[in-house]
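Content type mmCIF, C-alpha atoms, from the file structure-v9.cif:
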data_model
loop_
_atom_site.label_atom_id
_atom_site.label_comp_id
_atom_site.auth_asym_id
_atom_site.auth_seq_id
_atom_site.Cartn_x
_atom_site.Cartn_y
_atom_site.Cartn_z
CA MET A 17 -170.09 -25.55 -66.23
CA TYR A 18 -169.45 -29.29 -66.53
CA LEU A 19 -170.92 -31.21 -69.47
CA GLU A 20 -173.34 -33.12 -67.25
CA GLU A 21 -174.57 -29.87 -65.68
CA ARG A 22 -175.27 -28.38 -69.10
CA VAL A 23 -177.07 -31.57 -70.19
CA GLY A 24 -179.18 -31.46 -67.04
CA GLN A 25 -179.96 -27.78 -67.51
CA LEU A 26 -181.16 -28.30 -71.08
CA LEU A 27 -183.21 -31.38 -70.20
CA ARG A 28 -184.85 -29.52 -67.33
CA GLU A 29 -185.56 -26.43 -69.48
CA ARG A 30 -187.15 -28.58 -72.20
CA GLY A 31 -189.02 -30.89 -69.83
CA LEU A 32 -187.32 -33.98 -71.30
CA THR A 33 -186.26 -37.23 -69.68
CA ILE A 34 -183.25 -39.41 -70.42
CA SER A 35 -182.13 -42.99 -69.83
CA VAL A 36 -178.87 -44.77 -70.61
CA ALA A 37 -177.63 -48.20 -71.69
CA GLU A 38 -173.94 -48.78 -71.13
CA SER A 39 -171.53 -51.56 -71.86
CA CYS A 40 -167.83 -50.63 -71.76
CA THR A 41 -168.39 -47.62 -69.48
CA GLY A 42 -170.03 -49.77 -66.81
CA GLY A 43 -172.38 -47.13 -65.43
CA LEU A 44 -169.98 -44.19 -65.59
CA LEU A 45 -172.34 -42.16 -67.79
CA ALA A 46 -175.25 -42.70 -65.40
CA SER A 47 -172.98 -41.74 -62.51
CA ARG A 48 -171.92 -38.50 -64.18
CA ILE A 49 -175.53 -37.59 -64.96
CA ILE A 50 -176.68 -38.17 -61.40
CA ASP A 51 -173.72 -36.25 -59.98
CA VAL A 52 -175.88 -33.19 -60.72
CA ALA A 53 -178.23 -32.27 -57.89
CA GLY A 54 -181.85 -32.58 -59.01
CA ALA A 55 -181.10 -35.14 -61.72
CA SER A 56 -184.14 -37.14 -60.60
CA VAL A 57 -186.27 -34.62 -62.50
CA TYR A 58 -184.92 -35.83 -65.87
CA PHE A 59 -182.92 -39.06 -65.34
CA LEU A 60 -185.13 -42.16 -65.34
CA GLY A 61 -182.49 -44.87 -65.06
CA GLY A 62 -179.85 -46.93 -66.74
CA ILE A 63 -178.73 -50.43 -67.55
CA VAL A 64 -175.23 -51.83 -67.67
CA ALA A 65 -175.56 -54.42 -70.42
CA TYR A 66 -172.08 -55.91 -70.43
CA GLN A 67 -173.04 -59.30 -71.84
CA ASN A 68 -174.72 -59.78 -75.21
CA ASP A 69 -177.60 -61.78 -73.76
CA VAL A 70 -178.45 -58.81 -71.51
CA LYS A 71 -178.49 -56.54 -74.56
CA VAL A 72 -180.93 -58.96 -76.18
CA ARG A 73 -183.16 -59.72 -73.16
CA LEU A 74 -183.39 -56.30 -71.52
CA LEU A 75 -182.79 -53.87 -74.37
CA ALA A 76 -184.46 -55.85 -77.16
CA VAL A 77 -181.37 -55.76 -79.37
CA PRO A 78 -182.10 -58.31 -82.10
CA GLU A 79 -179.76 -61.32 -81.87
CA GLN A 80 -179.22 -61.05 -85.62
CA VAL A 81 -177.84 -57.51 -85.22
CA ILE A 82 -175.19 -58.77 -82.81
CA LYS A 83 -174.43 -61.84 -84.95
CA GLU A 84 -173.99 -59.77 -88.12
CA GLY A 85 -172.24 -56.64 -86.87
CA GLY A 86 -171.04 -57.65 -83.44
CA ALA A 87 -171.69 -56.06 -80.07
CA ILE A 88 -169.38 -53.21 -81.04
CA SER A 89 -171.20 -51.70 -84.01
CA SER A 90 -173.39 -48.79 -84.97
CA GLU A 91 -176.34 -51.13 -85.40
CA THR A 92 -175.99 -52.53 -81.87
CA ALA A 93 -175.45 -49.08 -80.34
CA THR A 94 -178.53 -47.72 -82.10
CA ALA A 95 -180.64 -50.71 -81.05
CA MET A 96 -179.41 -50.30 -77.46
CA ALA A 97 -180.39 -46.61 -77.40
CA ARG A 98 -183.80 -47.41 -78.87
CA GLY A 99 -184.37 -50.31 -76.47
CA CYS A 100 -183.32 -48.22 -73.50
CA ARG A 101 -185.65 -45.40 -74.49
CA GLU A 102 -188.55 -47.82 -74.85
CA LEU A 103 -187.78 -49.74 -71.65
CA PHE A 104 -187.70 -46.63 -69.47
CA GLY A 105 -190.24 -44.61 -71.43
CA SER A 106 -187.80 -41.72 -71.67
CA ASP A 107 -187.73 -38.97 -74.27
CA ILE A 108 -184.06 -39.67 -75.01
CA GLY A 109 -182.12 -42.94 -74.93
CA VAL A 110 -178.32 -43.02 -74.99
CA SER A 111 -176.03 -46.00 -75.43
CA ILE A 112 -172.31 -46.69 -75.30
CA THR A 113 -170.72 -49.91 -76.50
CA GLY A 114 -167.02 -50.40 -77.10
CA ILE A 115 -163.70 -51.98 -76.25
CA ALA A 116 -162.12 -50.17 -73.32
CA GLY A 117 -159.04 -52.43 -73.21
CA PRO A 118 -156.45 -53.47 -72.46
CA THR A 119 -157.65 -56.70 -74.14
CA GLY A 120 -160.48 -57.59 -76.49
CA GLY A 121 -159.49 -55.71 -79.60
CA SER A 122 -158.95 -57.05 -83.10
CA ALA A 123 -157.56 -55.75 -86.39
CA ALA A 124 -161.07 -54.77 -87.49
CA LYS A 125 -162.05 -53.33 -84.10
CA PRO A 126 -158.98 -52.29 -82.13
CA ILE A 127 -158.96 -51.42 -78.45
CA GLY A 128 -160.58 -48.02 -78.00
CA THR A 129 -163.25 -48.54 -80.69
CA THR A 130 -166.47 -47.17 -79.26
CA TYR A 131 -169.95 -46.47 -80.63
CA ILE A 132 -172.24 -43.95 -78.98
CA ALA A 133 -175.88 -43.59 -80.02
CA VAL A 134 -178.61 -41.15 -79.04
CA GLU A 135 -182.26 -41.60 -79.93
CA GLY A 136 -184.84 -38.93 -79.23
CA PRO A 137 -187.86 -37.12 -80.60
CA ALA A 138 -185.77 -35.42 -83.30
CA GLY A 139 -184.20 -38.64 -84.61
CA GLU A 140 -181.28 -40.92 -83.93
CA TRP A 141 -177.55 -40.44 -84.21
CA CYS A 142 -174.61 -42.76 -83.84
CA ARG A 143 -170.93 -41.97 -83.90
CA CYS A 144 -167.82 -44.12 -83.83
CA PHE A 145 -164.73 -43.11 -81.86
CA HIS A 146 -161.26 -44.58 -81.65
CA TRP A 147 -159.58 -43.80 -78.34
CA SER A 148 -155.90 -44.51 -77.81
CA GLY A 149 -155.60 -44.34 -74.04
CA ASN A 150 -155.73 -46.88 -71.28
CA ARG A 151 -158.91 -48.51 -69.97
CA THR A 152 -159.72 -45.66 -67.58
CA SER A 153 -159.12 -42.85 -70.05
CA ASN A 154 -161.00 -44.70 -72.83
CA ARG A 155 -164.04 -45.00 -70.55
CA GLU A 156 -163.82 -41.35 -69.51
CA SER A 157 -163.41 -40.22 -73.13
CA SER A 158 -166.48 -42.25 -74.09
CA VAL A 159 -168.61 -40.64 -71.38
CA ASN A 160 -167.46 -37.14 -72.32
CA ALA A 161 -168.21 -37.84 -75.98
CA ALA A 162 -171.67 -39.17 -75.05
CA LEU A 163 -172.44 -36.02 -73.05
CA GLU A 164 -171.25 -33.86 -75.96
CA LEU A 165 -173.43 -35.82 -78.40
CA ILE A 166 -176.44 -35.40 -76.09
CA LEU A 167 -175.77 -31.66 -76.00
CA ALA A 168 -175.51 -31.55 -79.80
CA CYS A 169 -178.84 -33.40 -80.09
CA LEU A 170 -180.45 -30.89 -77.73
CA ASP A 171 -179.13 -27.95 -79.77
CA ASP A 172 -182.14 -26.86 -81.81
CA ASP A 173 -180.02 -24.51 -83.91
CA ASN A 174 -177.26 -26.97 -84.78
CA PRO A 175 -178.25 -30.64 -84.39
CA PRO A 176 -175.60 -33.23 -85.34
CA SER A 177 -175.48 -34.27 -88.96
CA ILE A 178 -174.93 -38.00 -89.16
#

Can the structure in the file be given as structure tokens, please?
Amino acid sequence: MYLEERVGQLLRERGLTISVAESCTGGLLASRIIDVAGASVYFLGGIVAYQNDVKVRLLAVPEQVIKEGGAISSETATAMARGCRELFGSDIGVSITGIAGPTGGSAAKPIGTTYIAVEGPAGEWCRCFHWSGNRTSNRESSVNAALELILACLDDDNPPSI
């Protein structure tokens, strides 16, 4: 069973809804979620917030958070997940923000640096990843990691410890 199928199965079983806010993945997470037939039962929608002003205006990410930590940070990812959850009224909000490459990296935040956050009824989690592939594989790795983090958050017996 694919990751997105397992996520859908668990959301359906628990009667939960999900929404996503994506930056570097450009809608790939939403696409994977809706690849599953019947996803309309649990998937409310998503936003591709590629520019910082969109993160601020649509997802209510505080400008100060972006100024202090940058768009690629745990604080921004967490605020995006929270804002997405509130905007759509979903049980779970998921965000991905990162540097897919091949340009845009720095010494402090090299290409492949990605933050993924999940906020739901049981709390919020954010993880940082450092991918070393090309733009396509970095985006795909980010989506797979997001789906795995969602699964971990839905695991009542073993939720992520962050």

For the structure shown, which residues end up in the PyMOL selection byres ((chain A and resi 147) around 10)? Put them as a PDB file with C-alpha atoms, in the frame of the given file, please?
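Produced file selection35.pdb, reproduced below:
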ATOM      1  CA  ILE A 115    -163.700 -51.980 -76.250  1.00  0.00           C
ATOM      2  CA  ALA A 116    -162.120 -50.170 -73.320  1.00  0.00           C
ATOM      3  CA  PRO A 126    -158.980 -52.290 -82.130  1.00  0.00           C
ATOM      4  CA  ILE A 127    -158.960 -51.420 -78.450  1.00  0.00           C
ATOM      5  CA  GLY A 128    -160.580 -48.020 -78.000  1.00  0.00           C
ATOM      6  CA  THR A 129    -163.250 -48.540 -80.690  1.00  0.00           C
ATOM      7  CA  THR A 130    -166.470 -47.170 -79.260  1.00  0.00           C
ATOM      8  CA  CYS A 144    -167.820 -44.120 -83.830  1.00  0.00           C
ATOM      9  CA  PHE A 145    -164.730 -43.110 -81.860  1.00  0.00           C
ATOM     10  CA  HIS A 146    -161.260 -44.580 -81.650  1.00  0.00           C
ATOM     11  CA  SER A 148    -155.900 -44.510 -77.810  1.00  0.00           C
ATOM     12  CA  GLY A 149    -155.600 -44.340 -74.040  1.00  0.00           C
ATOM     13  CA  ASN A 150    -155.730 -46.880 -71.280  1.00  0.00           C
ATOM     14  CA  ARG A 151    -158.910 -48.510 -69.970  1.00  0.00           C
ATOM     15  CA  SER A 153    -159.120 -42.850 -70.050  1.00  0.00           C
ATOM     16  CA  ASN A 154    -161.000 -44.700 -72.830  1.00  0.00           C
ATOM     17  CA  ARG A 155    -164.040 -45.000 -70.550  1.00  0.00           C
ATOM     18  CA  SER A 157    -163.410 -40.220 -73.130  1.00  0.00           C
ATOM     19  CA  SER A 158    -166.480 -42.250 -74.090  1.00  0.00           C
TER      20      SER A 158
END

Practice item. Please evaluate the PyMOL selection byres ((chain A and resi 37) around 9) against the displayed coordinates and give the resulting residues as a ChimeraX atom specification. Key: /A:35-36,38-39,43,45-46,61-65,71,75,93,96-97,99-101,109-113

Review point. Written as an NGL selection string, what is the full residue list that the PyMOL selection byres ((chain A and resi 134) around 8) yields on the file shown?
Key: :A and (94 or 97 or 108-111 or 132-133 or 135-136 or 140-142 or 165-166 or 169)

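What separates CA of Ala55 in chain A from CA of Arg28 in chain A is a distance of 8.8 Å.
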
Check your understanding: Which protein, DNA or RNA residues have an atom at most 12 Å from (-188.7, -35.9, -69.3), counting only C-alpha atoms? List them as a PyMOL selection string.
Key -> chain A and resi 24+26-35+55-61+101+104-109+136-137

Output of the above residues as a PDB file, keeping the file's coordinate frame, restricted to C-alpha atoms:
ATOM      1  CA  GLY A  24    -179.180 -31.460 -67.040  1.00  0.00           C
ATOM      2  CA  LEU A  26    -181.160 -28.300 -71.080  1.00  0.00           C
ATOM      3  CA  LEU A  27    -183.210 -31.380 -70.200  1.00  0.00           C
ATOM      4  CA  ARG A  28    -184.850 -29.520 -67.330  1.00  0.00           C
ATOM      5  CA  GLU A  29    -185.560 -26.430 -69.480  1.00  0.00           C
ATOM      6  CA  ARG A  30    -187.150 -28.580 -72.200  1.00  0.00           C
ATOM      7  CA  GLY A  31    -189.020 -30.890 -69.830  1.00  0.00           C
ATOM      8  CA  LEU A  32    -187.320 -33.980 -71.300  1.00  0.00           C
ATOM      9  CA  THR A  33    -186.260 -37.230 -69.680  1.00  0.00           C
ATOM     10  CA  ILE A  34    -183.250 -39.410 -70.420  1.00  0.00           C
ATOM     11  CA  SER A  35    -182.130 -42.990 -69.830  1.00  0.00           C
ATOM     12  CA  ALA A  55    -181.100 -35.140 -61.720  1.00  0.00           C
ATOM     13  CA  SER A  56    -184.140 -37.140 -60.600  1.00  0.00           C
ATOM     14  CA  VAL A  57    -186.270 -34.620 -62.500  1.00  0.00           C
ATOM     15  CA  TYR A  58    -184.920 -35.830 -65.870  1.00  0.00           C
ATOM     16  CA  PHE A  59    -182.920 -39.060 -65.340  1.00  0.00           C
ATOM     17  CA  LEU A  60    -185.130 -42.160 -65.340  1.00  0.00           C
ATOM     18  CA  GLY A  61    -182.490 -44.870 -65.060  1.00  0.00           C
ATOM     19  CA  ARG A 101    -185.650 -45.400 -74.490  1.00  0.00           C
ATOM     20  CA  PHE A 104    -187.700 -46.630 -69.470  1.00  0.00           C
ATOM     21  CA  GLY A 105    -190.240 -44.610 -71.430  1.00  0.00           C
ATOM     22  CA  SER A 106    -187.800 -41.720 -71.670  1.00  0.00           C
ATOM     23  CA  ASP A 107    -187.730 -38.970 -74.270  1.00  0.00           C
ATOM     24  CA  ILE A 108    -184.060 -39.670 -75.010  1.00  0.00           C
ATOM     25  CA  GLY A 109    -182.120 -42.940 -74.930  1.00  0.00           C
ATOM     26  CA  GLY A 136    -184.840 -38.930 -79.230  1.00  0.00           C
ATOM     27  CA  PRO A 137    -187.860 -37.120 -80.600  1.00  0.00           C
TER      28      PRO A 137
END
